[in-house]
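Shown below: target.cif, with mmCIF, C-alpha atoms.
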```
data_final
#
loop_
_atom_site.group_PDB
_atom_site.id
_atom_site.type_symbol
_atom_site.label_atom_id
_atom_site.label_comp_id
_atom_site.auth_asym_id
_atom_site.auth_seq_id
_atom_site.Cartn_x
_atom_site.Cartn_y
_atom_site.Cartn_z
ATOM 1 C CA MET A 1 -1.790 26.938 -8.783
ATOM 2 C CA PRO A 2 -0.547 23.432 -7.892
ATOM 3 C CA GLN A 3 -3.116 21.293 -6.142
ATOM 4 C CA SER A 4 -2.550 20.581 -2.437
ATOM 5 C CA PRO A 5 -3.366 17.035 -1.322
ATOM 6 C CA VAL A 6 -4.130 18.270 2.197
ATOM 7 C CA GLU A 7 -6.894 20.521 0.868
ATOM 8 C CA GLN A 8 -8.659 17.487 -0.585
ATOM 9 C CA ILE A 9 -9.011 15.754 2.805
ATOM 10 C CA PRO A 10 -11.977 16.791 5.008
ATOM 11 C CA ALA A 11 -10.007 16.123 8.192
ATOM 12 C CA SER A 12 -7.370 18.012 10.159
ATOM 13 C CA LEU A 13 -3.956 16.583 9.292
ATOM 14 C CA ASP A 14 -0.755 16.982 11.267
ATOM 15 C CA ARG A 15 2.365 16.530 9.120
ATOM 16 C CA ARG A 16 5.387 15.014 10.857
ATOM 17 C CA TRP A 17 8.758 13.398 10.229
ATOM 18 C CA VAL A 18 9.674 9.988 11.631
ATOM 19 C CA GLN A 19 13.150 8.470 11.628
ATOM 20 C CA GLY A 20 12.948 5.099 9.902
ATOM 21 C CA ARG A 21 15.756 2.647 9.231
ATOM 22 C CA GLY A 22 18.327 5.045 7.810
ATOM 23 C CA VAL A 23 15.715 7.346 6.260
ATOM 24 C CA ARG A 24 13.410 10.153 7.230
ATOM 25 C CA LEU A 25 9.750 9.328 6.650
ATOM 26 C CA HIS A 26 7.033 11.880 6.073
ATOM 27 C CA VAL A 27 3.783 10.965 7.844
ATOM 28 C CA SER A 28 0.307 12.459 8.027
ATOM 29 C CA VAL A 29 -1.515 12.071 11.334
ATOM 30 C CA ALA A 30 -5.178 12.664 12.134
ATOM 31 C CA GLY A 31 -7.737 11.792 14.777
ATOM 32 C CA PRO A 32 -7.837 11.829 18.582
ATOM 33 C CA GLU A 33 -4.494 11.280 20.294
ATOM 34 C CA ASP A 34 -5.984 8.641 22.599
ATOM 35 C CA GLY A 35 -7.787 6.774 19.826
ATOM 36 C CA PRO A 36 -6.756 3.235 18.803
ATOM 37 C CA LEU A 37 -3.877 3.492 16.351
ATOM 38 C CA VAL A 38 -4.379 2.601 12.679
ATOM 39 C CA VAL A 39 -1.489 2.719 10.186
ATOM 40 C CA LEU A 40 -2.403 2.924 6.491
ATOM 41 C CA LEU A 41 0.230 1.708 4.000
ATOM 42 C CA HIS A 42 -0.095 2.789 0.366
ATOM 43 C CA GLY A 43 1.280 1.028 -2.686
ATOM 44 C CA PHE A 44 2.632 1.816 -6.165
ATOM 45 C CA PRO A 45 2.474 4.487 -7.535
ATOM 46 C CA GLU A 46 0.559 6.369 -4.839
ATOM 47 C CA PHE A 47 1.563 8.077 -1.585
ATOM 48 C CA TRP A 48 -0.348 8.947 1.606
ATOM 49 C CA TYR A 49 -3.009 10.665 -0.530
ATOM 50 C CA GLY A 50 -4.091 7.214 -1.747
ATOM 51 C CA TRP A 51 -6.046 6.877 1.524
ATOM 52 C CA ARG A 52 -7.943 10.155 1.061
ATOM 53 C CA HIS A 53 -11.338 8.414 1.255
ATOM 54 C CA GLN A 54 -10.475 6.363 4.341
ATOM 55 C CA ILE A 55 -8.798 8.955 6.589
ATOM 56 C CA PRO A 56 -11.946 11.020 7.396
ATOM 57 C CA ALA A 57 -14.095 7.933 8.011
ATOM 58 C CA LEU A 58 -11.586 6.379 10.401
ATOM 59 C CA VAL A 59 -11.116 9.684 12.231
ATOM 60 C CA GLU A 60 -14.871 10.059 12.606
ATOM 61 C CA ALA A 61 -14.982 6.543 14.065
ATOM 62 C CA GLY A 62 -12.520 7.646 16.752
ATOM 63 C CA TYR A 63 -9.245 6.215 15.459
ATOM 64 C CA ARG A 64 -5.796 7.780 15.532
ATOM 65 C CA VAL A 65 -4.804 7.485 11.882
ATOM 66 C CA VAL A 66 -1.177 7.547 10.736
ATOM 67 C CA VAL A 67 -0.382 7.493 7.023
ATOM 68 C CA PRO A 68 3.295 7.470 5.990
ATOM 69 C CA ASP A 69 4.767 8.187 2.619
ATOM 70 C CA GLN A 70 6.719 4.959 2.412
ATOM 71 C CA ARG A 71 10.413 5.224 1.553
ATOM 72 C CA GLY A 72 11.005 6.170 -2.052
ATOM 73 C CA TYR A 73 7.686 8.014 -2.285
ATOM 74 C CA ASN A 74 6.725 11.676 -2.266
ATOM 75 C CA ARG A 75 8.344 13.572 0.652
ATOM 76 C CA SER A 76 10.011 10.590 2.352
ATOM 77 C CA ASP A 77 13.659 9.846 1.595
ATOM 78 C CA ALA A 78 14.453 7.766 -1.478
ATOM 79 C CA PRO A 79 17.748 5.865 -1.052
ATOM 80 C CA ARG A 80 19.663 5.013 -4.230
ATOM 81 C CA ALA A 81 20.499 1.408 -3.293
ATOM 82 C CA VAL A 82 18.100 -1.393 -4.235
ATOM 83 C CA ALA A 83 18.902 -3.173 -0.960
ATOM 84 C CA ALA A 84 17.377 -0.249 0.942
ATOM 85 C CA TYR A 85 13.937 -1.452 -0.196
ATOM 86 C CA ASP A 86 14.103 -5.022 1.079
ATOM 87 C CA LEU A 87 10.959 -6.167 2.889
ATOM 88 C CA ASP A 88 12.751 -6.473 6.226
ATOM 89 C CA VAL A 89 13.804 -2.835 5.965
ATOM 90 C CA LEU A 90 10.302 -1.731 4.969
ATOM 91 C CA VAL A 91 8.823 -3.573 7.952
ATOM 92 C CA ASP A 92 11.296 -1.812 10.242
ATOM 93 C CA ASP A 93 10.001 1.506 8.897
ATOM 94 C CA VAL A 94 6.449 0.598 9.932
ATOM 95 C CA CYS A 95 7.621 -0.401 13.404
ATOM 96 C CA ALA A 96 9.425 2.947 13.651
ATOM 97 C CA VAL A 97 6.186 4.750 12.788
ATOM 98 C CA ILE A 98 4.304 2.832 15.493
ATOM 99 C CA ASP A 99 7.068 3.619 17.994
ATOM 100 C CA ALA A 100 6.976 7.305 17.063
ATOM 101 C CA MET A 101 3.296 7.383 17.964
ATOM 102 C CA GLY A 102 4.172 6.100 21.433
ATOM 103 C CA ARG A 103 2.380 2.794 20.926
ATOM 104 C CA ALA A 104 3.370 -0.847 21.231
ATOM 105 C CA ARG A 105 0.816 -2.104 18.716
ATOM 106 C CA ALA A 106 -1.392 -0.878 15.900
ATOM 107 C CA ALA A 107 -3.930 -2.056 13.407
ATOM 108 C CA VAL A 108 -2.296 -2.016 9.972
ATOM 109 C CA VAL A 109 -4.123 -1.656 6.664
ATOM 110 C CA GLY A 110 -2.188 -2.168 3.438
ATOM 111 C CA HIS A 111 -2.936 -1.879 -0.265
ATOM 112 C CA ASP A 112 -0.768 -3.095 -3.141
ATOM 113 C CA TRP A 113 2.895 -2.982 -2.000
ATOM 114 C CA GLY A 114 1.722 -1.616 1.323
ATOM 115 C CA ALA A 115 -0.238 -4.848 1.736
ATOM 116 C CA MET A 116 2.856 -6.912 0.964
ATOM 117 C CA VAL A 117 4.691 -5.051 3.733
ATOM 118 C CA ALA A 118 1.724 -5.673 6.042
ATOM 119 C CA TRP A 119 1.766 -9.421 5.308
ATOM 120 C CA HIS A 120 5.474 -9.568 6.078
ATOM 121 C CA LEU A 121 5.011 -7.536 9.258
ATOM 122 C CA ALA A 122 2.432 -10.069 10.467
ATOM 123 C CA HIS A 123 5.012 -12.841 10.119
ATOM 124 C CA ALA A 124 8.056 -10.948 11.375
ATOM 125 C CA HIS A 125 6.506 -8.991 14.251
ATOM 126 C CA PRO A 126 2.987 -10.215 15.053
ATOM 127 C CA GLU A 127 3.312 -8.698 18.519
ATOM 128 C CA ARG A 128 3.136 -5.223 16.900
ATOM 129 C CA LEU A 129 -0.278 -5.894 15.353
ATOM 130 C CA ARG A 130 -3.773 -5.769 16.810
ATOM 131 C CA ARG A 131 -5.496 -6.323 13.487
ATOM 132 C CA LEU A 132 -4.503 -6.678 9.850
ATOM 133 C CA ALA A 133 -6.437 -5.599 6.757
ATOM 134 C CA ILE A 134 -5.251 -6.382 3.231
ATOM 135 C CA LEU A 135 -6.557 -4.786 0.035
ATOM 136 C CA ASN A 136 -5.998 -6.568 -3.278
ATOM 137 C CA VAL A 137 -2.670 -8.251 -2.710
ATOM 138 C CA PRO A 138 -2.167 -11.983 -2.123
ATOM 139 C CA HIS A 139 -0.152 -13.448 0.682
ATOM 140 C CA PRO A 140 3.426 -13.834 -0.653
ATOM 141 C CA HIS A 141 3.360 -17.631 -0.242
ATOM 142 C CA VAL A 142 0.091 -17.835 -2.184
ATOM 143 C CA PHE A 143 1.440 -15.491 -4.842
ATOM 144 C CA ARG A 144 4.592 -17.545 -5.425
ATOM 145 C CA LYS A 145 2.600 -20.778 -5.596
ATOM 146 C CA THR A 146 0.146 -19.250 -8.077
ATOM 147 C CA LEU A 147 2.935 -17.929 -10.295
ATOM 148 C CA ARG A 148 4.268 -21.473 -10.546
ATOM 149 C CA THR A 149 0.917 -23.049 -11.402
ATOM 150 C CA SER A 150 -1.033 -20.406 -13.324
ATOM 151 C CA PRO A 151 0.216 -19.287 -16.755
ATOM 152 C CA THR A 152 -2.467 -16.586 -16.733
ATOM 153 C CA GLN A 153 -1.169 -15.003 -13.544
ATOM 154 C CA LEU A 154 2.406 -15.335 -14.751
ATOM 155 C CA LEU A 155 1.439 -13.415 -17.898
ATOM 156 C CA ARG A 156 -0.334 -10.762 -15.843
ATOM 157 C CA SER A 157 2.828 -10.244 -13.796
ATOM 158 C CA THR A 158 5.292 -9.829 -16.667
ATOM 159 C CA TYR A 159 5.299 -6.030 -16.267
ATOM 160 C CA ALA A 160 7.318 -6.582 -13.070
ATOM 161 C CA LEU A 161 10.065 -8.164 -15.186
ATOM 162 C CA PHE A 162 10.261 -5.009 -17.298
ATOM 163 C CA PHE A 163 10.649 -2.988 -14.090
ATOM 164 C CA GLN A 164 13.902 -4.841 -13.406
ATOM 165 C CA VAL A 165 15.614 -3.022 -16.287
ATOM 166 C CA PRO A 166 17.744 -0.159 -14.896
ATOM 167 C CA GLY A 167 16.645 3.330 -15.895
ATOM 168 C CA VAL A 168 14.332 2.508 -18.793
ATOM 169 C CA PRO A 169 11.082 2.134 -16.789
ATOM 170 C CA GLU A 170 11.820 5.401 -14.987
ATOM 171 C CA TRP A 171 12.157 7.185 -18.327
ATOM 172 C CA LEU A 172 9.109 5.562 -19.897
ATOM 173 C CA LEU A 173 6.744 6.045 -16.956
ATOM 174 C CA GLY A 174 8.006 9.515 -16.105
ATOM 175 C CA ARG A 175 8.184 11.139 -19.552
ATOM 176 C CA ASN A 176 5.680 13.888 -20.332
ATOM 177 C CA ASP A 177 5.247 14.618 -16.616
ATOM 178 C CA GLY A 178 4.356 11.094 -15.587
ATOM 179 C CA GLN A 179 1.964 10.366 -18.426
ATOM 180 C CA GLY A 180 2.897 6.681 -18.387
ATOM 181 C CA LEU A 181 1.962 6.324 -14.733
ATOM 182 C CA ALA A 182 -1.226 8.336 -15.222
ATOM 183 C CA THR A 183 -2.227 6.129 -18.136
ATOM 184 C CA MET A 184 -1.537 3.013 -16.062
ATOM 185 C CA LEU A 185 -3.792 4.260 -13.263
ATOM 186 C CA ARG A 186 -6.627 5.087 -15.598
ATOM 187 C CA TRP A 187 -6.291 1.888 -17.640
ATOM 188 C CA SER A 188 -6.328 -0.366 -14.586
ATOM 189 C CA GLY A 189 -9.150 1.471 -12.780
ATOM 190 C CA ARG A 190 -12.754 2.261 -13.507
ATOM 191 C CA PRO A 191 -13.646 5.355 -15.549
ATOM 192 C CA GLY A 192 -13.521 8.361 -13.244
ATOM 193 C CA THR A 193 -11.676 6.633 -10.413
ATOM 194 C CA PHE A 194 -8.760 9.050 -10.834
ATOM 195 C CA ASP A 195 -9.820 12.530 -11.935
ATOM 196 C CA GLU A 196 -7.635 15.359 -13.193
ATOM 197 C CA THR A 197 -7.170 16.784 -9.690
ATOM 198 C CA ASP A 198 -5.977 13.413 -8.402
ATOM 199 C CA LEU A 199 -3.541 12.994 -11.277
ATOM 200 C CA ALA A 200 -2.164 16.516 -10.831
ATOM 201 C CA ILE A 201 -1.509 15.742 -7.166
ATOM 202 C CA TYR A 202 0.160 12.422 -7.989
ATOM 203 C CA ARG A 203 2.318 14.092 -10.627
ATOM 204 C CA GLN A 204 3.695 16.480 -8.008
ATOM 205 C CA ALA A 205 4.878 13.467 -6.011
ATOM 206 C CA TRP A 206 6.252 11.599 -9.030
ATOM 207 C CA ARG A 207 8.367 14.484 -10.249
ATOM 208 C CA ARG A 208 10.334 14.793 -6.998
ATOM 209 C CA PRO A 209 13.977 13.874 -7.716
ATOM 210 C CA GLY A 210 14.757 10.184 -7.340
ATOM 211 C CA ARG A 211 11.214 9.144 -6.523
ATOM 212 C CA LEU A 212 10.513 7.185 -9.708
ATOM 213 C CA ARG A 213 13.719 5.255 -9.081
ATOM 214 C CA GLY A 214 12.782 4.664 -5.456
ATOM 215 C CA MET A 215 9.286 3.470 -6.338
ATOM 216 C CA LEU A 216 10.609 0.988 -8.898
ATOM 217 C CA HIS A 217 13.330 -0.227 -6.538
ATOM 218 C CA TRP A 218 10.554 -1.908 -4.525
ATOM 219 C CA TYR A 219 10.073 -4.302 -7.462
ATOM 220 C CA ARG A 220 13.819 -4.774 -7.910
ATOM 221 C CA ALA A 221 14.400 -5.524 -4.236
ATOM 222 C CA ALA A 222 11.521 -8.011 -4.253
ATOM 223 C CA ALA A 223 12.987 -9.847 -7.245
ATOM 224 C CA ARG A 224 16.367 -10.138 -5.517
ATOM 225 C CA ARG A 225 14.697 -11.393 -2.361
ATOM 226 C CA ALA A 226 12.754 -14.017 -4.337
ATOM 227 C CA LEU A 227 16.045 -15.439 -5.647
ATOM 228 C CA ARG A 228 17.493 -15.972 -2.185
ATOM 229 C CA SER A 229 14.558 -16.810 0.088
ATOM 230 C CA THR A 230 11.143 -18.450 0.252
ATOM 231 C CA PRO A 231 8.103 -16.586 1.604
ATOM 232 C CA PRO A 232 6.900 -17.786 5.016
ATOM 233 C CA SER A 233 4.037 -20.273 4.893
ATOM 234 C CA ALA A 234 3.156 -20.629 8.590
ATOM 235 C CA PRO A 235 -0.319 -19.432 9.614
ATOM 236 C CA ILE A 236 -0.647 -15.824 10.755
ATOM 237 C CA ASP A 237 -2.044 -15.507 14.259
ATOM 238 C CA VAL A 238 -3.439 -12.013 13.710
ATOM 239 C CA PRO A 239 -7.128 -11.362 12.907
ATOM 240 C CA THR A 240 -7.111 -10.531 9.209
ATOM 241 C CA LEU A 241 -9.566 -9.036 6.736
ATOM 242 C CA VAL A 242 -8.891 -9.408 3.014
ATOM 243 C CA VAL A 243 -10.863 -7.099 0.695
ATOM 244 C CA TRP A 244 -10.580 -7.884 -2.999
ATOM 245 C CA GLY A 245 -11.772 -6.039 -6.085
ATOM 246 C CA ALA A 246 -12.687 -8.796 -8.530
ATOM 247 C CA ARG A 247 -11.849 -6.716 -11.617
ATOM 248 C CA ASP A 248 -8.151 -6.421 -10.801
ATOM 249 C CA VAL A 249 -6.314 -6.600 -14.137
ATOM 250 C CA ALA A 250 -2.986 -7.644 -12.597
ATOM 251 C CA LEU A 251 -3.871 -10.016 -9.746
ATOM 252 C CA SER A 252 -6.242 -12.937 -10.094
ATOM 253 C CA ARG A 253 -9.203 -13.288 -7.742
ATOM 254 C CA GLN A 254 -8.283 -16.968 -7.303
ATOM 255 C CA MET A 255 -5.590 -15.866 -4.835
ATOM 256 C CA ALA A 256 -8.002 -14.038 -2.519
ATOM 257 C CA ALA A 257 -9.509 -16.946 -0.577
ATOM 258 C CA PRO A 258 -6.202 -18.826 -0.058
ATOM 259 C CA SER A 259 -4.666 -15.582 1.182
ATOM 260 C CA ALA A 260 -7.404 -15.033 3.767
ATOM 261 C CA ALA A 261 -6.945 -18.652 4.814
ATOM 262 C CA MET A 262 -3.312 -17.893 5.733
ATOM 263 C CA SER A 263 -4.656 -16.331 8.928
ATOM 264 C CA THR A 264 -6.055 -18.431 11.776
ATOM 265 C CA ASP A 265 -8.793 -15.779 11.941
ATOM 266 C CA GLY A 266 -9.158 -14.631 8.356
ATOM 267 C CA ARG A 267 -12.173 -13.184 6.569
ATOM 268 C CA LEU A 268 -12.655 -12.352 2.893
ATOM 269 C CA ARG A 269 -14.905 -9.867 1.148
ATOM 270 C CA VAL A 270 -14.913 -9.749 -2.652
ATOM 271 C CA LEU A 271 -16.351 -6.664 -4.352
ATOM 272 C CA GLY A 272 -17.468 -7.729 -7.799
ATOM 273 C CA ASP A 273 -17.465 -4.312 -9.487
ATOM 274 C CA ALA A 274 -14.222 -3.007 -7.988
ATOM 275 C CA THR A 275 -10.766 -3.037 -9.564
ATOM 276 C CA HIS A 276 -7.305 -3.177 -8.024
ATOM 277 C CA TRP A 277 -8.050 0.321 -6.669
ATOM 278 C CA VAL A 278 -10.818 -1.002 -4.445
ATOM 279 C CA GLN A 279 -10.528 1.714 -1.775
ATOM 280 C CA HIS A 280 -11.118 4.343 -4.486
ATOM 281 C CA ASP A 281 -13.798 2.438 -6.409
ATOM 282 C CA ALA A 282 -15.971 1.588 -3.396
ATOM 283 C CA PRO A 283 -14.852 3.869 -0.552
ATOM 284 C CA MET A 284 -18.038 3.692 1.507
ATOM 285 C CA ILE A 285 -18.118 -0.105 1.418
ATOM 286 C CA VAL A 286 -14.401 -0.416 2.153
ATOM 287 C CA ASN A 287 -14.652 2.077 5.006
ATOM 288 C CA ARG A 288 -17.509 0.128 6.578
ATOM 289 C CA LEU A 289 -15.627 -3.148 6.222
ATOM 290 C CA LEU A 290 -12.485 -1.684 7.772
ATOM 291 C CA ILE A 291 -14.305 -0.082 10.694
ATOM 292 C CA ASP A 292 -16.324 -3.242 11.365
ATOM 293 C CA HIS A 293 -13.101 -5.258 11.365
ATOM 294 C CA LEU A 294 -11.360 -2.822 13.680
ATOM 295 C CA GLU A 295 -14.327 -2.564 16.042
ATOM 296 C CA ARG A 296 -14.457 -6.322 16.390
ATOM 297 C CA GLY A 297 -10.991 -6.052 17.865
ATOM 298 C CA GLU A 298 -11.921 -3.207 20.210
ATOM 299 C CA SER A 299 -15.047 -4.943 21.519
ATOM 300 C CA SER A 300 -13.138 -8.185 22.140
ATOM 301 C CA GLY A 301 -10.102 -6.426 23.624
ATOM 302 C CA ALA A 302 -7.890 -7.903 20.900
#
```
How does the structure come out when it is put into C-alpha cells?
Amino acid sequence: MPQSPVEQIPASLDRRWVQGRGVRLHVSVAGPEDGPLVVLLHGFPEFWYGWRHQIPALVEAGYRVVVPDQRGYNRSDAPRAVAAYDLDVLVDDVCAVIDAMGRARAAVVGHDWGAMVAWHLAHAHPERLRRLAILNVPHPHVFRKTLRTSPTQLLRSTYALFFQVPGVPEWLLGRNDGQGLATMLRWSGRPGTFDETDLAIYRQAWRRPGRLRGMLHWYRAAARRALRSTPPSAPIDVPTLVVWGARDVALSRQMAAPSAAMSTDGRLRVLGDATHWVQHDAPMIVNRLLIDHLERGESSGA
C-alpha cells in the first residue's frame, strides 16, 4: 500500500485548497483556529511533508499552522511557463494563503527555496509579517555578493546551472522513480535523515505529472530574474531568526551571519552537526528555537 504522509503526522490536519495567483494551492492546516498564524514554506525537492517534525510541536504550543504545497509541488498546480515561478508571483501565493486564513499578518518560516520566498516577502510586504524565520538559505543580496567573491561557493552552486537545461534534469532526476532525487537527499543529509518511508512518500509527490518540471522551473525563473534585477539590500524591519546547519554541502556557513545582519532585529543560531536539512537533523532543537522566536513576538505584542 502507498504510504500516506498524513498518517505520519501526530496532529489533526485539515486539507484545503487556496486560490493563489492563477493557480490552486493545496494547503494543510492544523492547530487552534484562534491561535497565532504560522506559515511554513518548504523547499526543493520536498512538499508540505518536509515540516512533519515541526507541525505537531507548533500545534502543541498553540499556533495555527498552515503548510502549503508551493506551486509546482505535489498536489498544487504546476504551470508550464517559467515566468509563473518568479519570486514576485511566489510571494503573492503566500499572501493569498494568509488572506485565506482570514488574517492580515503571519509569522513565516522558510527552508531552502521557501526561505528565499520568505526573504523576498519581508522586503516586498513587511506589513504581512509578524516574525520571520529562515533555515539554511542566505539573504539573496548576501548570496549574490558571495557568488562574486567566493570561488568555493560558486563551485558549490554549479548544479543550478545544470538545472537550466530544458528537459534533461527532469529526466535524470526522475528516472527509476525519482532515484536521482532520492540519492541527492541522502547524499546531502546525515545517514538516516530520510528513511525508506520518507522517500516513498516523496516519490509519490515527484511522480505527479509536470511536478519535476515545476520544481526545476523555480531555478530557471531565478536565473532569469538574476539577469534583469538586483536583489534588495535595504535592512529588513522584521524580527528574524536564522538557523543554519553548518554541514550544508551546497551553501557556505560564511553567509549565515551576514544574512542575519540584514534584519534590524536579526539573530543567528548555527547547529554544528546539522546539514542543509536542519529541521530534519535536529527537530527538537529547531522546534525550540522556532517557538522561542515566535513567543518573543507574542509576549512583546509584535
Problem set entry | stretch 179-184 of chain A environment, 7 Å, only C-alpha atoms, sequence neighbours closer than 6 positions dropped, as a list in words | Leu172, Leu173 and Leu199 of chain A
For this session: Fewer than 3 positions away in the same chain doesn't count, so skip those; otherwise give me all residues within 9 Å of A:Trp119, counting all atoms listed in the file, as a list of chain:residue names.
Result: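 Answer for this query is A:Gly110, A:Gly114, A:Ala115, A:Met116, A:Ala122, A:His123, A:Ala124, A:Leu132, A:Ile134, A:Pro138, A:His139, A:Pro140, A:Ile236.
Nearest-residue note for A:Ser28: choosing from A:Gly178, A:Pro45, A:Gly50, A:Pro68, the minimum distance belongs to A:Pro68, counting only C-alpha atoms.
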Once the PyMOL selection byres ((chain A and resi 291) around 12) has been evaluated on this model, what residues remain selected, and can you format them as a compact mmCIF listing (two decimals) with C-alpha atoms, keeping the file's coordinate frame?
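Output file out.txt is given in full below:
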```txt
# COMPACT_ATOMS: atom_id res chain seq x y z
CA PRO A 36 -6.76 3.24 18.80
CA VAL A 38 -4.38 2.60 12.68
CA GLN A 54 -10.48 6.36 4.34
CA ILE A 55 -8.80 8.96 6.59
CA PRO A 56 -11.95 11.02 7.40
CA ALA A 57 -14.10 7.93 8.01
CA LEU A 58 -11.59 6.38 10.40
CA VAL A 59 -11.12 9.68 12.23
CA GLU A 60 -14.87 10.06 12.61
CA ALA A 61 -14.98 6.54 14.06
CA GLY A 62 -12.52 7.65 16.75
CA TYR A 63 -9.24 6.22 15.46
CA ALA A 107 -3.93 -2.06 13.41
CA VAL A 109 -4.12 -1.66 6.66
CA ARG A 131 -5.50 -6.32 13.49
CA LEU A 132 -4.50 -6.68 9.85
CA ALA A 133 -6.44 -5.60 6.76
CA LEU A 241 -9.57 -9.04 6.74
CA PRO A 283 -14.85 3.87 -0.55
CA MET A 284 -18.04 3.69 1.51
CA ILE A 285 -18.12 -0.10 1.42
CA VAL A 286 -14.40 -0.42 2.15
CA ASN A 287 -14.65 2.08 5.01
CA ARG A 288 -17.51 0.13 6.58
CA LEU A 289 -15.63 -3.15 6.22
CA LEU A 290 -12.48 -1.68 7.77
CA ASP A 292 -16.32 -3.24 11.36
CA HIS A 293 -13.10 -5.26 11.36
CA LEU A 294 -11.36 -2.82 13.68
CA GLU A 295 -14.33 -2.56 16.04
CA ARG A 296 -14.46 -6.32 16.39
CA GLY A 297 -10.99 -6.05 17.86
CA GLU A 298 -11.92 -3.21 20.21
CA SER A 299 -15.05 -4.94 21.52
```
For this session: I need the residue set behind the PyMOL selection byres ((chain A and resi 239) around 6) for this file; please write it as a list in words.
Result: Arg131, Val238, Thr240, Asp265 and Gly266 of chain A
Exercise. So which one's closest to A:Arg247, A:Arg24, A:Arg186, A:His276, A:Arg207? Using only C-alpha atoms, please.
Worked result: A:His276
Problem set entry | Close residues, A:Asp92 itself excluded, 9 Å, all atoms listed in the file, min 5 positions apart in chain, as a PyMOL selection string | chain A and resi 20-21+87+97+121
My structure is short of atoms at stretch 183-198 of chain A; please model N, CA and C atoms there, returning them as a PDB file, in the frame of the given file.
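Below you can see selection29.pdb, which holds the result:
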```
ATOM      1  N   THR A 183      -1.516   7.041 -17.241  1.00  0.00           N
ATOM      2  CA  THR A 183      -2.227   6.129 -18.136  1.00  0.00           C
ATOM      3  C   THR A 183      -2.430   4.773 -17.475  1.00  0.00           C
ATOM      4  N   MET A 184      -1.426   4.290 -16.761  1.00  0.00           N
ATOM      5  CA  MET A 184      -1.537   3.013 -16.062  1.00  0.00           C
ATOM      6  C   MET A 184      -2.662   3.046 -15.028  1.00  0.00           C
ATOM      7  N   LEU A 185      -2.732   4.141 -14.266  1.00  0.00           N
ATOM      8  CA  LEU A 185      -3.792   4.260 -13.263  1.00  0.00           C
ATOM      9  C   LEU A 185      -5.164   4.230 -13.927  1.00  0.00           C
ATOM     10  N   ARG A 186      -5.316   5.005 -14.957  1.00  0.00           N
ATOM     11  CA  ARG A 186      -6.627   5.087 -15.598  1.00  0.00           C
ATOM     12  C   ARG A 186      -6.988   3.794 -16.320  1.00  0.00           C
ATOM     13  N   TRP A 187      -6.023   3.142 -16.927  1.00  0.00           N
ATOM     14  CA  TRP A 187      -6.291   1.888 -17.640  1.00  0.00           C
ATOM     15  C   TRP A 187      -6.695   0.772 -16.685  1.00  0.00           C
ATOM     16  N   SER A 188      -6.079   0.727 -15.525  1.00  0.00           N
ATOM     17  CA  SER A 188      -6.328  -0.366 -14.586  1.00  0.00           C
ATOM     18  C   SER A 188      -7.496  -0.105 -13.648  1.00  0.00           C
ATOM     19  N   GLY A 189      -8.027   1.130 -13.647  1.00  0.00           N
ATOM     20  CA  GLY A 189      -9.150   1.471 -12.780  1.00  0.00           C
ATOM     21  C   GLY A 189     -10.436   1.646 -13.570  1.00  0.00           C
ATOM     22  N   ARG A 190     -11.482   1.975 -12.859  1.00  0.00           N
ATOM     23  CA  ARG A 190     -12.754   2.261 -13.507  1.00  0.00           C
ATOM     24  C   ARG A 190     -12.737   3.686 -14.046  1.00  0.00           C
ATOM     25  N   PRO A 191     -13.573   3.978 -15.051  1.00  0.00           N
ATOM     26  CA  PRO A 191     -13.646   5.355 -15.549  1.00  0.00           C
ATOM     27  C   PRO A 191     -14.019   6.305 -14.414  1.00  0.00           C
ATOM     28  N   GLY A 192     -13.232   7.371 -14.265  1.00  0.00           N
ATOM     29  CA  GLY A 192     -13.521   8.361 -13.244  1.00  0.00           C
ATOM     30  C   GLY A 192     -12.916   8.094 -11.887  1.00  0.00           C
ATOM     31  N   THR A 193     -12.275   6.931 -11.713  1.00  0.00           N
ATOM     32  CA  THR A 193     -11.676   6.633 -10.413  1.00  0.00           C
ATOM     33  C   THR A 193     -10.611   7.666 -10.059  1.00  0.00           C
ATOM     34  N   PHE A 194      -9.793   8.038 -11.032  1.00  0.00           N
ATOM     35  CA  PHE A 194      -8.760   9.050 -10.834  1.00  0.00           C
ATOM     36  C   PHE A 194      -9.086  10.239 -11.739  1.00  0.00           C
ATOM     37  N   ASP A 195      -9.478  11.370 -11.122  1.00  0.00           N
ATOM     38  CA  ASP A 195      -9.820  12.530 -11.935  1.00  0.00           C
ATOM     39  C   ASP A 195      -8.579  13.405 -12.149  1.00  0.00           C
ATOM     40  N   GLU A 196      -8.777  14.506 -12.847  1.00  0.00           N
ATOM     41  CA  GLU A 196      -7.635  15.359 -13.193  1.00  0.00           C
ATOM     42  C   GLU A 196      -6.970  15.958 -11.948  1.00  0.00           C
ATOM     43  N   THR A 197      -7.753  16.271 -10.928  1.00  0.00           N
ATOM     44  CA  THR A 197      -7.170  16.784  -9.690  1.00  0.00           C
ATOM     45  C   THR A 197      -6.279  15.736  -9.039  1.00  0.00           C
ATOM     46  N   ASP A 198      -6.774  14.500  -8.979  1.00  0.00           N
ATOM     47  CA  ASP A 198      -5.977  13.413  -8.402  1.00  0.00           C
ATOM     48  C   ASP A 198      -4.663  13.253  -9.158  1.00  0.00           C
TER      49      ASP A 198
END
```
